[in-house]
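Dropping upload02.cif in here (mmCIF, C-alpha atoms and all ligand atoms):
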data_my_file
loop_
_atom_site.group_PDB
_atom_site.id
_atom_site.type_symbol
_atom_site.label_atom_id
_atom_site.label_comp_id
_atom_site.auth_asym_id
_atom_site.auth_seq_id
_atom_site.Cartn_x
_atom_site.Cartn_y
_atom_site.Cartn_z
ATOM 1 C CA MET A 1139 -69.199 36.599 -103.181
ATOM 2 C CA LYS A 1140 -65.867 37.724 -101.796
ATOM 3 C CA ASN A 1141 -65.786 40.518 -104.373
ATOM 4 C CA LEU A 1142 -69.202 41.753 -103.328
ATOM 5 C CA HIS A 1143 -68.006 41.936 -99.745
ATOM 6 C CA LYS A 1144 -64.832 43.763 -100.761
ATOM 7 C CA GLU A 1145 -66.808 46.247 -102.823
ATOM 8 C CA PHE A 1146 -69.126 46.853 -99.876
ATOM 9 C CA ILE A 1147 -66.171 47.532 -97.610
ATOM 10 C CA ARG A 1148 -64.590 49.892 -100.114
ATOM 11 C CA LEU A 1149 -67.785 51.895 -100.575
ATOM 12 C CA GLY A 1150 -68.475 51.955 -96.832
ATOM 13 C CA ARG A 1151 -65.040 53.360 -96.260
ATOM 14 C CA GLU A 1152 -65.511 55.968 -98.958
ATOM 15 C CA ARG A 1153 -68.831 56.987 -97.464
ATOM 16 C CA ASN A 1154 -67.265 57.347 -94.016
ATOM 17 C CA GLN A 1155 -64.544 59.561 -95.438
ATOM 18 C CA ILE A 1156 -67.187 61.809 -96.991
ATOM 19 C CA THR A 1157 -69.155 61.906 -93.732
ATOM 20 C CA TYR A 1158 -66.027 63.039 -91.858
ATOM 21 C CA LYS A 1159 -65.570 65.862 -94.359
ATOM 22 C CA LEU A 1160 -69.219 66.909 -94.165
ATOM 23 C CA LEU A 1161 -69.066 66.997 -90.383
ATOM 24 C CA ALA A 1162 -65.876 69.034 -90.435
ATOM 25 C CA LEU A 1163 -67.641 71.736 -92.502
ATOM 26 C CA LEU A 1164 -70.666 72.054 -90.246
ATOM 27 C CA PRO A 1165 -69.276 74.265 -87.435
ATOM 28 C CA LYS A 1166 -68.333 77.004 -89.912
ATOM 29 C CA ILE A 1167 -71.709 76.750 -91.626
ATOM 30 C CA ASN A 1168 -73.296 77.052 -88.207
ATOM 31 C CA ASN A 1169 -71.240 80.107 -87.211
ATOM 32 C CA LEU A 1170 -71.999 81.928 -90.454
ATOM 33 C CA LYS A 1171 -75.655 80.882 -90.223
ATOM 34 C CA ILE A 1172 -75.558 79.762 -93.836
ATOM 35 C CA TYR A 1173 -78.494 77.413 -93.140
ATOM 36 C CA GLU A 1174 -80.659 80.456 -92.410
ATOM 37 C CA GLN A 1175 -79.759 82.220 -95.632
ATOM 38 C CA GLU A 1176 -80.614 79.040 -97.502
ATOM 39 C CA GLY A 1177 -84.041 78.778 -95.894
ATOM 40 C CA TYR A 1178 -83.537 75.937 -93.400
ATOM 41 C CA ALA A 1179 -85.030 76.079 -89.903
ATOM 42 C CA ASN A 1180 -81.758 75.325 -88.146
ATOM 43 C CA ILE A 1181 -78.410 73.550 -88.539
ATOM 44 C CA TYR A 1182 -79.971 70.153 -87.716
ATOM 45 C CA ASP A 1183 -82.618 70.559 -90.394
ATOM 46 C CA TYR A 1184 -79.897 71.631 -92.850
ATOM 47 C CA ALA A 1185 -77.597 68.704 -92.039
ATOM 48 C CA ALA A 1186 -80.410 66.138 -92.127
ATOM 49 C CA LYS A 1187 -82.028 67.274 -95.369
ATOM 50 C CA ILE A 1188 -78.862 67.793 -97.374
ATOM 51 C CA ALA A 1189 -76.601 65.060 -96.072
ATOM 52 C CA GLY A 1190 -78.770 62.724 -93.991
ATOM 53 C CA LEU A 1191 -76.801 63.463 -90.801
ATOM 54 C CA GLY A 1192 -78.537 62.715 -87.510
ATOM 55 C CA SER A 1193 -78.928 65.356 -84.803
ATOM 56 C CA GLY A 1194 -76.749 63.421 -82.348
ATOM 57 C CA VAL A 1195 -73.668 63.538 -84.485
ATOM 58 C CA VAL A 1196 -74.291 67.213 -85.398
ATOM 59 C CA THR A 1197 -74.521 68.184 -81.712
ATOM 60 C CA LYS A 1198 -71.334 66.238 -81.065
ATOM 61 C CA VAL A 1199 -69.324 67.908 -83.805
ATOM 62 C CA LEU A 1200 -70.442 71.413 -82.778
ATOM 63 C CA LYS A 1201 -69.569 70.755 -79.158
ATOM 64 C CA ILE A 1202 -66.194 69.197 -79.856
ATOM 65 C CA LYS A 1203 -65.165 71.799 -82.420
ATOM 66 C CA GLU A 1204 -65.888 74.475 -79.816
ATOM 67 C CA LYS A 1205 -63.609 72.679 -77.384
ATOM 68 C CA LEU A 1206 -60.841 72.367 -79.958
ATOM 69 C CA GLN A 1207 -60.388 76.018 -80.783
ATOM 70 C CA ASP A 1208 -56.708 76.795 -81.459
ATOM 71 C CA MET A 1209 -55.974 73.078 -81.853
ATOM 72 C CA PRO A 1210 -55.451 72.701 -85.598
ATOM 73 C CA HIS A 1211 -54.144 69.131 -85.592
ATOM 74 C CA LEU A 1212 -57.114 67.686 -83.754
ATOM 75 C CA GLN A 1213 -59.477 69.758 -85.882
ATOM 76 C CA LYS A 1214 -57.871 68.304 -88.976
ATOM 77 C CA ALA A 1215 -58.238 64.822 -87.464
ATOM 78 C CA ILE A 1216 -62.048 65.285 -87.437
ATOM 79 C CA GLU A 1217 -61.817 65.495 -91.206
ATOM 80 C CA THR A 1218 -59.636 62.425 -91.676
ATOM 81 C CA GLN A 1219 -60.398 60.149 -88.694
ATOM 82 C CA GLY A 1220 -63.955 61.077 -87.779
ATOM 83 C CA ILE A 1221 -65.659 62.855 -84.919
ATOM 84 C CA ASN A 1222 -66.047 59.808 -82.698
ATOM 85 C CA LYS A 1223 -62.351 59.020 -82.512
ATOM 86 C CA VAL A 1224 -61.451 62.664 -81.916
ATOM 87 C CA GLY A 1225 -64.243 62.874 -79.342
ATOM 88 C CA ILE A 1226 -62.542 60.199 -77.226
ATOM 89 C CA VAL A 1227 -59.473 62.381 -76.606
ATOM 90 C CA ALA A 1228 -61.027 65.864 -76.884
ATOM 91 C CA GLY A 1229 -61.402 66.102 -73.112
ATOM 92 C CA LEU A 1230 -57.651 65.580 -72.615
ATOM 93 C CA ALA A 1231 -56.518 68.088 -75.220
ATOM 94 C CA THR A 1232 -54.419 71.162 -74.505
ATOM 95 C CA LYS A 1233 -52.564 73.399 -76.932
ATOM 96 C CA GLU A 1234 -49.354 71.658 -75.883
ATOM 97 C CA ASN A 1235 -50.418 68.048 -76.358
ATOM 98 C CA GLU A 1236 -52.900 68.328 -79.204
ATOM 99 C CA ARG A 1237 -50.386 67.463 -81.895
ATOM 100 C CA ALA A 1238 -49.324 64.262 -80.128
ATOM 101 C CA LEU A 1239 -52.977 63.388 -79.488
ATOM 102 C CA ALA A 1240 -53.863 63.863 -83.160
ATOM 103 C CA GLU A 1241 -51.083 61.437 -84.014
ATOM 104 C CA LYS A 1242 -52.550 58.871 -81.618
ATOM 105 C CA VAL A 1243 -55.998 59.353 -83.132
ATOM 106 C CA GLU A 1244 -54.496 58.643 -86.533
ATOM 107 C CA HIS A 1245 -52.595 55.524 -85.545
ATOM 108 C CA MET A 1246 -54.613 53.878 -82.789
ATOM 109 C CA SER A 1247 -57.889 51.972 -82.875
ATOM 110 C CA LYS A 1248 -61.008 53.170 -81.105
ATOM 111 C CA PRO A 1249 -60.787 50.648 -78.216
ATOM 112 C CA ALA A 1250 -57.111 51.495 -77.628
ATOM 113 C CA LEU A 1251 -57.881 55.234 -77.617
ATOM 114 C CA GLN A 1252 -60.675 54.647 -75.119
ATOM 115 C CA GLU A 1253 -58.305 52.713 -72.900
ATOM 116 C CA TYR A 1254 -55.698 55.469 -73.195
ATOM 117 C CA SER A 1255 -58.190 58.182 -72.323
ATOM 118 C CA LYS A 1256 -59.344 56.206 -69.272
ATOM 119 C CA GLU A 1257 -55.774 55.684 -68.134
ATOM 120 C CA VAL A 1258 -54.885 59.367 -68.446
ATOM 121 C CA ARG A 1259 -58.027 60.356 -66.528
ATOM 122 C CA GLY A 1260 -57.259 57.740 -63.864
ATOM 123 C CA LYS A 1261 -60.472 55.907 -64.621
ATOM 124 C CA ILE A 1262 -59.246 52.404 -65.225
ATOM 125 C CA THR A 1263 -61.862 49.907 -64.125
ATOM 126 C CA THR A 1264 -60.592 47.343 -61.700
ATOM 127 C CA SER A 1265 -63.910 45.618 -61.129
ATOM 128 C CA TRP A 1266 -67.007 44.828 -63.144
ATOM 129 C CA GLN A 1267 -70.686 44.564 -62.508
ATOM 130 C CA VAL A 1268 -72.568 42.235 -64.794
ATOM 131 C CA GLU A 1269 -76.321 42.151 -65.008
ATOM 132 C CA LEU A 1270 -77.902 38.702 -65.209
ATOM 133 C CA ASP A 1271 -81.212 38.103 -66.978
ATOM 134 C CA GLY A 1272 -83.817 35.651 -65.666
ATOM 135 C CA GLN A 1273 -82.405 32.592 -67.380
ATOM 136 C CA MET A 1274 -78.860 33.375 -66.272
ATOM 137 C CA MET A 1275 -80.051 33.875 -62.687
ATOM 138 C CA PHE A 1276 -81.728 30.488 -62.760
ATOM 139 C CA MET A 1277 -78.581 28.767 -64.048
ATOM 140 C CA PHE A 1278 -76.422 30.611 -61.555
ATOM 141 C CA LEU A 1279 -78.616 29.720 -58.577
ATOM 142 C CA LYS A 1280 -78.767 26.096 -59.669
ATOM 143 C CA LEU A 1281 -74.969 25.919 -59.767
ATOM 144 C CA LYS A 1282 -74.787 27.783 -56.481
ATOM 145 C CA LYS A 1283 -76.948 25.140 -54.860
ATOM 146 C CA LYS A 1284 -74.638 22.453 -56.225
ATOM 147 C CA LEU A 1285 -71.542 24.193 -54.916
ATOM 148 C CA GLY A 1286 -73.222 24.255 -51.527
ATOM 149 C CA LYS A 1287 -71.887 25.900 -48.379
ATOM 150 C CA ASN A 1288 -72.684 29.473 -47.616
ATOM 151 C CA LEU A 1289 -70.914 31.050 -50.527
ATOM 152 C CA SER A 1290 -71.575 34.651 -51.446
ATOM 153 C CA ASN A 1291 -72.597 35.274 -55.051
ATOM 154 C CA LYS A 1292 -69.137 36.600 -55.777
ATOM 155 C CA GLU A 1293 -67.360 33.583 -54.300
ATOM 156 C CA CYS A 1294 -69.721 31.264 -56.107
ATOM 157 C CA LEU A 1295 -68.988 32.921 -59.440
ATOM 158 C CA ARG A 1296 -65.268 32.761 -58.729
ATOM 159 C CA LYS A 1297 -65.554 28.999 -58.178
ATOM 160 C CA ILE A 1298 -67.526 28.545 -61.392
ATOM 161 C CA LEU A 1299 -64.947 30.498 -63.366
ATOM 162 C CA GLU A 1300 -62.065 28.585 -61.814
ATOM 163 C CA LYS A 1301 -63.693 25.292 -62.735
ATOM 164 C CA MET A 1302 -64.339 26.465 -66.268
ATOM 165 C CA GLN A 1303 -60.775 27.599 -66.675
ATOM 166 C CA LYS A 1304 -59.376 24.296 -65.496
ATOM 167 C CA LYS A 1305 -61.718 22.471 -67.832
ATOM 168 C CA SER A 1306 -60.765 24.575 -70.849
ATOM 169 C CA GLY A 1307 -57.191 23.374 -70.389
ATOM 170 C CA SER A 1308 -55.700 26.858 -70.315
ATOM 171 C CA GLN A 1309 -53.240 27.641 -67.568
ATOM 172 C CA GLY A 1310 -55.574 27.196 -64.633
ATOM 173 C CA GLY A 1311 -52.879 27.174 -61.984
ATOM 174 C CA PRO A 1312 -51.398 30.151 -60.261
ATOM 175 C CA ARG A 1313 -50.644 33.045 -62.537
ATOM 176 C CA ARG A 1314 -47.110 33.165 -63.771
ATOM 177 C CA PRO A 1315 -45.245 36.311 -62.966
ATOM 178 C CA PRO A 1316 -44.497 38.594 -65.898
ATOM 179 C CA LEU A 1317 -41.103 38.442 -67.540
ATOM 180 C CA ARG A 1318 -38.087 38.762 -65.301
ATOM 181 C CA ARG A 1319 -36.785 41.844 -66.921
ATOM 182 C CA GLY A 1320 -33.659 42.321 -64.836
ATOM 183 C CA ARG A 1321 -31.928 39.166 -65.924
ATOM 184 C CA GLN A 1322 -33.057 39.450 -69.485
ATOM 185 C CA ALA A 1323 -32.171 43.080 -69.747
ATOM 186 C CA GLN A 1324 -28.548 42.113 -69.393
ATOM 187 C CA LYS A 1325 -28.835 40.027 -72.508
ATOM 188 C CA ARG A 1326 -29.864 43.009 -74.565
ATOM 189 C CA PRO A 1327 -27.210 44.511 -76.799
ATOM 190 C CA GLN A 1328 -25.908 47.483 -74.883
ATOM 191 C CA THR A 1329 -23.706 49.503 -77.172
ATOM 192 C CA ALA A 1330 -24.327 50.567 -80.745
ATOM 193 C CA ASP A 1331 -21.534 48.223 -81.842
ATOM 194 C CA GLU A 1332 -23.084 45.265 -80.119
ATOM 195 C CA LYS A 1333 -26.465 46.108 -81.572
ATOM 196 C CA LEU A 1334 -24.995 46.258 -85.043
ATOM 197 C CA LYS A 1335 -23.260 42.952 -84.474
ATOM 198 C CA ALA A 1336 -26.470 41.333 -83.309
ATOM 199 C CA GLN A 1337 -28.307 42.751 -86.276
ATOM 200 C CA ARG A 1338 -25.670 41.526 -88.738
ATOM 201 C CA GLN A 1339 -25.752 38.132 -87.107
ATOM 202 C CA ALA A 1340 -29.496 37.951 -87.620
ATOM 203 C CA GLU A 1341 -29.343 39.265 -91.146
ATOM 204 C CA LYS A 1342 -26.839 36.671 -92.319
ATOM 205 C CA PRO A 1343 -28.136 34.722 -95.304
ATOM 206 C CA ALA A 1344 -29.794 31.464 -94.334
ATOM 207 C CA LYS A 1345 -26.940 29.223 -95.382
ATOM 208 C CA ILE A 1346 -26.737 27.602 -91.968
ATOM 209 C CA PRO A 1347 -30.347 26.868 -91.008
ATOM 210 C CA GLU A 1348 -29.916 26.917 -87.218
ATOM 211 C CA GLU A 1349 -28.693 30.518 -87.316
ATOM 212 C CA LYS A 1350 -31.773 31.881 -89.008
ATOM 213 C CA ILE A 1351 -34.147 33.531 -86.569
ATOM 214 C CA THR A 1352 -37.621 34.003 -87.934
ATOM 215 C CA ARG A 1353 -40.503 36.011 -86.550
ATOM 216 C CA TYR A 1354 -42.132 32.739 -85.462
ATOM 217 C CA ILE A 1355 -42.099 32.354 -81.684
ATOM 218 C CA HIS A 1356 -41.578 28.764 -80.626
ATOM 219 C CA VAL A 1357 -44.295 27.267 -78.490
ATOM 220 C CA HIS A 1358 -41.891 26.569 -75.612
ATOM 221 C CA LEU A 1359 -41.123 30.291 -75.424
ATOM 222 C CA LYS A 1360 -44.819 31.146 -75.526
ATOM 223 C CA ARG A 1361 -45.543 28.753 -72.654
ATOM 224 C CA LYS A 1362 -43.137 30.630 -70.430
ATOM 225 C CA LEU A 1363 -45.201 33.795 -70.752
ATOM 226 C CA SER A 1364 -48.183 34.722 -68.657
ATOM 227 C CA ASP A 1365 -51.689 34.467 -70.142
ATOM 228 C CA HIS A 1366 -52.469 37.741 -68.354
ATOM 229 C CA CYS A 1367 -51.688 41.041 -70.138
ATOM 230 C CA SER A 1368 -48.542 42.464 -68.519
ATOM 231 C CA HIS A 1369 -49.604 46.138 -68.655
ATOM 232 C CA PRO A 1370 -49.979 47.418 -65.065
ATOM 233 C CA GLY A 1371 -53.583 47.266 -63.871
ATOM 234 C CA CYS A 1372 -54.885 45.410 -66.928
ATOM 235 C CA HIS A 1373 -56.978 42.284 -66.422
ATOM 236 C CA ARG A 1374 -57.452 41.185 -69.996
ATOM 237 C CA PRO A 1375 -55.982 37.932 -71.301
ATOM 238 C CA THR A 1376 -52.876 37.986 -73.486
ATOM 239 C CA GLU A 1377 -53.679 38.359 -77.169
ATOM 240 C CA ILE A 1378 -50.348 39.371 -78.646
ATOM 241 C CA ILE A 1379 -46.764 38.545 -77.790
ATOM 242 C CA HIS A 1380 -44.877 41.763 -78.219
ATOM 243 C CA HIS A 1381 -41.178 42.119 -78.948
ATOM 244 C CA THR A 1382 -39.831 44.814 -76.637
ATOM 245 C CA ASP A 1383 -36.744 44.728 -78.842
ATOM 246 C CA ARG A 1384 -38.602 45.315 -82.070
ATOM 247 C CA PHE A 1385 -38.119 42.142 -84.094
ATOM 248 C CA SER A 1386 -37.564 43.934 -87.395
ATOM 249 C CA GLN A 1387 -34.740 45.899 -85.757
ATOM 250 C CA TYR A 1388 -33.079 43.371 -83.468
ATOM 251 C CA HIS A 1389 -34.133 39.946 -84.766
ATOM 252 C CA ASN A 1390 -34.335 38.222 -81.416
ATOM 253 C CA HIS A 1391 -36.997 36.723 -79.177
ATOM 254 C CA GLU A 1392 -35.447 37.774 -75.891
ATOM 255 C CA ASN A 1393 -37.584 40.498 -74.398
ATOM 256 C CA LEU A 1394 -41.069 39.203 -75.087
ATOM 257 C CA LYS A 1395 -44.075 40.777 -73.429
ATOM 258 C CA PRO A 1396 -47.578 39.279 -73.308
ATOM 259 C CA LEU A 1397 -50.128 42.024 -74.009
ATOM 260 C CA CYS A 1398 -53.794 42.514 -74.839
ATOM 261 C CA LYS A 1399 -54.556 44.198 -78.176
ATOM 262 C CA GLN A 1400 -55.112 47.642 -76.675
ATOM 263 C CA HIS A 1401 -51.909 47.678 -74.672
ATOM 264 C CA HIS A 1402 -50.021 46.363 -77.658
ATOM 265 C CA GLU A 1403 -51.099 49.555 -79.435
ATOM 266 C CA PHE A 1404 -49.885 51.516 -76.394
ATOM 267 C CA ALA A 1405 -46.454 49.938 -76.838
ATOM 268 C CA HIS A 1406 -46.154 50.925 -80.491
ATOM 269 C CA ASN A 1407 -47.512 54.449 -80.109
ATOM 270 C CA GLY A 1408 -45.068 55.871 -77.604
ATOM 271 C CA ILE A 1409 -47.370 55.477 -74.575
ATOM 272 C CA SER A 1410 -45.950 52.596 -72.565
ATOM 273 C CA GLU A 1411 -42.622 52.385 -74.397
ATOM 274 C CA PRO A 1412 -40.475 54.921 -76.193
ATOM 275 C CA ILE A 1413 -41.090 55.112 -79.931
ATOM 276 C CA HIS A 1414 -38.728 52.856 -81.902
ATOM 277 C CA LEU A 1415 -37.706 53.212 -85.499
ATOM 278 C CA ALA A 1416 -39.662 50.066 -86.327
ATOM 279 C CA ASP A 1417 -42.881 51.570 -84.925
ATOM 280 C CA HIS A 1418 -43.235 53.826 -87.931
ATOM 281 C CA LYS A 1419 -43.268 50.724 -90.119
ATOM 282 C CA TYR A 1420 -45.783 49.114 -87.769
ATOM 283 C CA ARG A 1421 -48.044 52.133 -88.161
ATOM 284 C CA GLU A 1422 -47.732 52.077 -91.941
ATOM 285 C CA TYR A 1423 -48.615 48.411 -91.945
ATOM 286 C CA ARG A 1424 -51.630 49.079 -89.745
ATOM 287 C CA GLN A 1425 -52.876 51.896 -91.999
ATOM 288 C CA LYS A 1426 -52.555 49.601 -95.010
ATOM 289 C CA ALA A 1427 -54.464 46.854 -93.219
ATOM 290 C CA LEU A 1428 -57.190 49.378 -92.376
ATOM 291 C CA GLN A 1429 -57.631 50.180 -96.058
ATOM 292 C CA HIS A 1430 -58.918 46.650 -96.456
ATOM 293 C CA SER A 1431 -61.260 46.516 -93.511
ATOM 294 C CA TYR A 1432 -64.161 48.439 -92.073
ATOM 295 C CA SER A 1433 -63.302 51.856 -90.814
ATOM 296 C CA GLU A 1434 -64.873 53.269 -87.725
ATOM 297 C CA ILE A 1435 -66.910 56.377 -87.916
HETATM 298 ZN ZN ZN A 1501 -45.450 44.605 -80.732
HETATM 299 ZN ZN ZN A 1502 -53.787 44.972 -71.395
#

Take the structure in the file and give it back as structure tokens.
Amino acid sequence: MKNLHKEFIRLGRERNQITYKLLALLPKINNLKIYEQEGYANIYDYAAKIAGLGSGVVTKVLKIKEKLQDMPHLQKAIETQGINKVGIVAGLATKENERALAEKVEHMSKPALQEYSKEVRGKITTSWQVELDGQMMFMFLKLKKKLGKNLSNKECLRKILEKMQKKSGSQGGPRRPPLRRGRQAQKRPQTADEKLKAQRQAEKPAKIPEEKITRYIHVHLKRKLSDHCSHPGCHRPTEIIHHTDRFSQYHNHENLKPLCKQHHEFAHNGISEPIHLADHKYREYRQKALQHSYSEI
């Protein structure tokens, strides 16, 4: 059964790769009006009958390709990463930044790219509106009655969430402040010599067990960190504990940062932190992992 699933993933990925290539050819075919010479009514008819491509995606590729004139790296990314991922950043592209953007398209996931694009355009959402269906309204109003007083809907929902959080046993108390960077920054190796020393220390063979530092982060260290992503303006819960000093380079657990998945990708792609040597390895690892999972079209 597992093999069937793996085979399905592999073929799905292959099909996506072919779709990207087909889409990348369409703008030229459209400009040269090849579809006309071949007897098709229009480019949509051509794309649908020959390759089963829907009109939505055809419109999208024609529009985006037009926008990306003189931007060879992003154009190439349509072929390798797909039109949807390129489409997320197309609005931000200039001749100067297109190369860096193409790199982000290659190495970041779709949700992280969306978050990045929002941040650059200053469109980070700080509040949410959620629509309730009939059954949810009923449950909400019932709880509201129980909570009594003259609470507004918003206050009532806040109370419900607070109660739920306390019940779930997660840190329900006041939010812990993010890491105190100042004090910890002093602990960081400052000079190249010190860095080398720290690295050697960590790389020593594991003869003396207490000296060996593994990637495992002890639970007492984790507890000290906030359960709120530490990226400015983000309201998602922590999903990943990130090593500001890349662990594979520095082998310590000193400058840990709680982050959501998207902002963790920011950190490793030169957006919220400068690119480290270890980030290239991180990217390689991610690309390898992608080979074994669904790819996004
Ligand atoms: Zn990290
Ligand atoms: Zn975040």

Env. residues ligand ZN 1501 (chain A) / 8 Å / only C-alpha atoms and all ligand atoms / as a list in words
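So, counting only C-alpha atoms and all ligand atoms, the residues near ligand ZN 1501 (chain A) are Ile1378, Ile1379, His1380, His1381, Thr1382, Arg1384, His1402, Glu1403, Ala1405 and His1406 of chain A.
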
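Using all atoms listed in the file, the nearest neighbour of ligand ZN 1502 (chain A) within the list A:Gly1408, A:Pro1375, A:Pro1165, A:Gly1177 is A:Pro1375.
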
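You will find atom CA of Ile1221 of chain A at 25.4 Å from atom CA of Ser1410 of chain A.
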
Rows by chain and residue number, chain A within 7 Å of ligand ZN 1502 (chain A), shortest pair, all atoms listed in the file, as a Markdown table:
| residue | atom | partner | partner_atom | distance |
| --- | --- | --- | --- | --- |
| A:Cys1367 | CA | A:ZN1502 | ZN | 4.6 |
| A:Ser1368 | CA | A:ZN1502 | ZN | 6.5 |
| A:His1369 | CA | A:ZN1502 | ZN | 5.1 |
| A:Cys1372 | CA | A:ZN1502 | ZN | 4.6 |
| A:His1373 | CA | A:ZN1502 | ZN | 6.5 |
| A:Arg1374 | CA | A:ZN1502 | ZN | 5.5 |
| A:Leu1397 | CA | A:ZN1502 | ZN | 5.4 |
| A:Cys1398 | CA | A:ZN1502 | ZN | 4.2 |
| A:Lys1399 | CA | A:ZN1502 | ZN | 6.9 |
| A:Gln1400 | CA | A:ZN1502 | ZN | 6.1 |
| A:His1401 | CA | A:ZN1502 | ZN | 4.6 |

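Compared by their closest atoms to Ser1247 of chain A, and using all atoms listed in the file, the residues A:Arg1259, A:Lys1233, A:Arg1148, A:Lys1223 rank with A:Lys1223 nearest.
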
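For the pair atom CA of Leu1281 of chain A and atom CA of Glu1269 of chain A, the separation is 17.1 Å.
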
Using the chain letters and numbers from the file, which residues does the PyMOL selection byres (((chain A and resi 1203) around 12) and not hetatm) grab, as a PyMOL selection string?
chain A and resi 1161-1166+1168-1169+1196-1202+1204-1217+1221+1224-1225+1228-1229+1231

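Computed from the coordinates, the atom CA of Val1195 of chain A to atom CA of Arg1424 of chain A distance equals 26.9 Å.
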
Which is closer to Pro1396 of chain A than all the others in A:Lys1362, A:Lys1159, A:Lys1305, A:His1356, using all atoms listed in the file?
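Among A:Lys1362, A:Lys1159, A:Lys1305, A:His1356, it is A:Lys1362 that comes nearest to Pro1396 of chain A.
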
Draw an axis-aligned box over all listed atoms of segment 1249-1263 of chain A, pad each side with 5 Å, and write its centre and edge lengths in Å, one decimal, as AutoDock Vina command-line options.
--center_x -58.4 --center_y 55.1 --center_z -71.0 --size_x 17.0 --size_y 20.4 --size_z 24.4

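Minimum distance to His1245 of chain A across A:Thr1232, A:Ser1193, A:Asn1407, A:Gln1303 (counting all atoms listed in the file) occurs at A:Asn1407.
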
Smallest atom-to-atom distance to Leu1251 of chain A: which of A:Ile1409, A:Leu1428, A:Ile1167, A:Met1275, using only C-alpha atoms?
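For Leu1251 of chain A, the nearest of the candidates is A:Ile1409.
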
Give the answer as one residue: which of A:Val1357, A:Gln1273, A:Asn1141, A:Phe1385 has the shortest atom-to-atom distance to Ala1416 of chain A, using all atoms listed in the file?
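Once distances to Ala1416 of chain A are computed over all atoms listed in the file, the minimum belongs to A:Phe1385.
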
Can you pull out the residues contacting segment 1293-1295 of chain A? Cut-off 10 Å, using all atoms listed in the file, and skip same-chain residues under 4 positions away; I want them as a PyMOL selection string.
chain A and resi 1278-1279+1281-1283+1285-1289+1299-1301

Residue by residue, what does the PyMOL selection byres (((chain A and resi 1157) around 10) and not hetatm) grab here? Present the result as number ranges by chain.
A: 1151-1156, 1158-1162, 1189-1191, 1217-1218, 1220-1221, 1435

Next, the residues of the selection above should be written as a short mmCIF file (atom, residue, chain, number, x, y, z; two decimals), in the frame of the given file with C-alpha atoms.
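To be explicit, this is the file written out as result13.cif:
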data_model
loop_
_atom_site.label_atom_id
_atom_site.label_comp_id
_atom_site.auth_asym_id
_atom_site.auth_seq_id
_atom_site.Cartn_x
_atom_site.Cartn_y
_atom_site.Cartn_z
CA ARG A 1151 -65.04 53.36 -96.26
CA GLU A 1152 -65.51 55.97 -98.96
CA ARG A 1153 -68.83 56.99 -97.46
CA ASN A 1154 -67.26 57.35 -94.02
CA GLN A 1155 -64.54 59.56 -95.44
CA ILE A 1156 -67.19 61.81 -96.99
CA TYR A 1158 -66.03 63.04 -91.86
CA LYS A 1159 -65.57 65.86 -94.36
CA LEU A 1160 -69.22 66.91 -94.16
CA LEU A 1161 -69.07 67.00 -90.38
CA ALA A 1162 -65.88 69.03 -90.44
CA ALA A 1189 -76.60 65.06 -96.07
CA GLY A 1190 -78.77 62.72 -93.99
CA LEU A 1191 -76.80 63.46 -90.80
CA GLU A 1217 -61.82 65.50 -91.21
CA THR A 1218 -59.64 62.42 -91.68
CA GLY A 1220 -63.96 61.08 -87.78
CA ILE A 1221 -65.66 62.86 -84.92
CA ILE A 1435 -66.91 56.38 -87.92
#
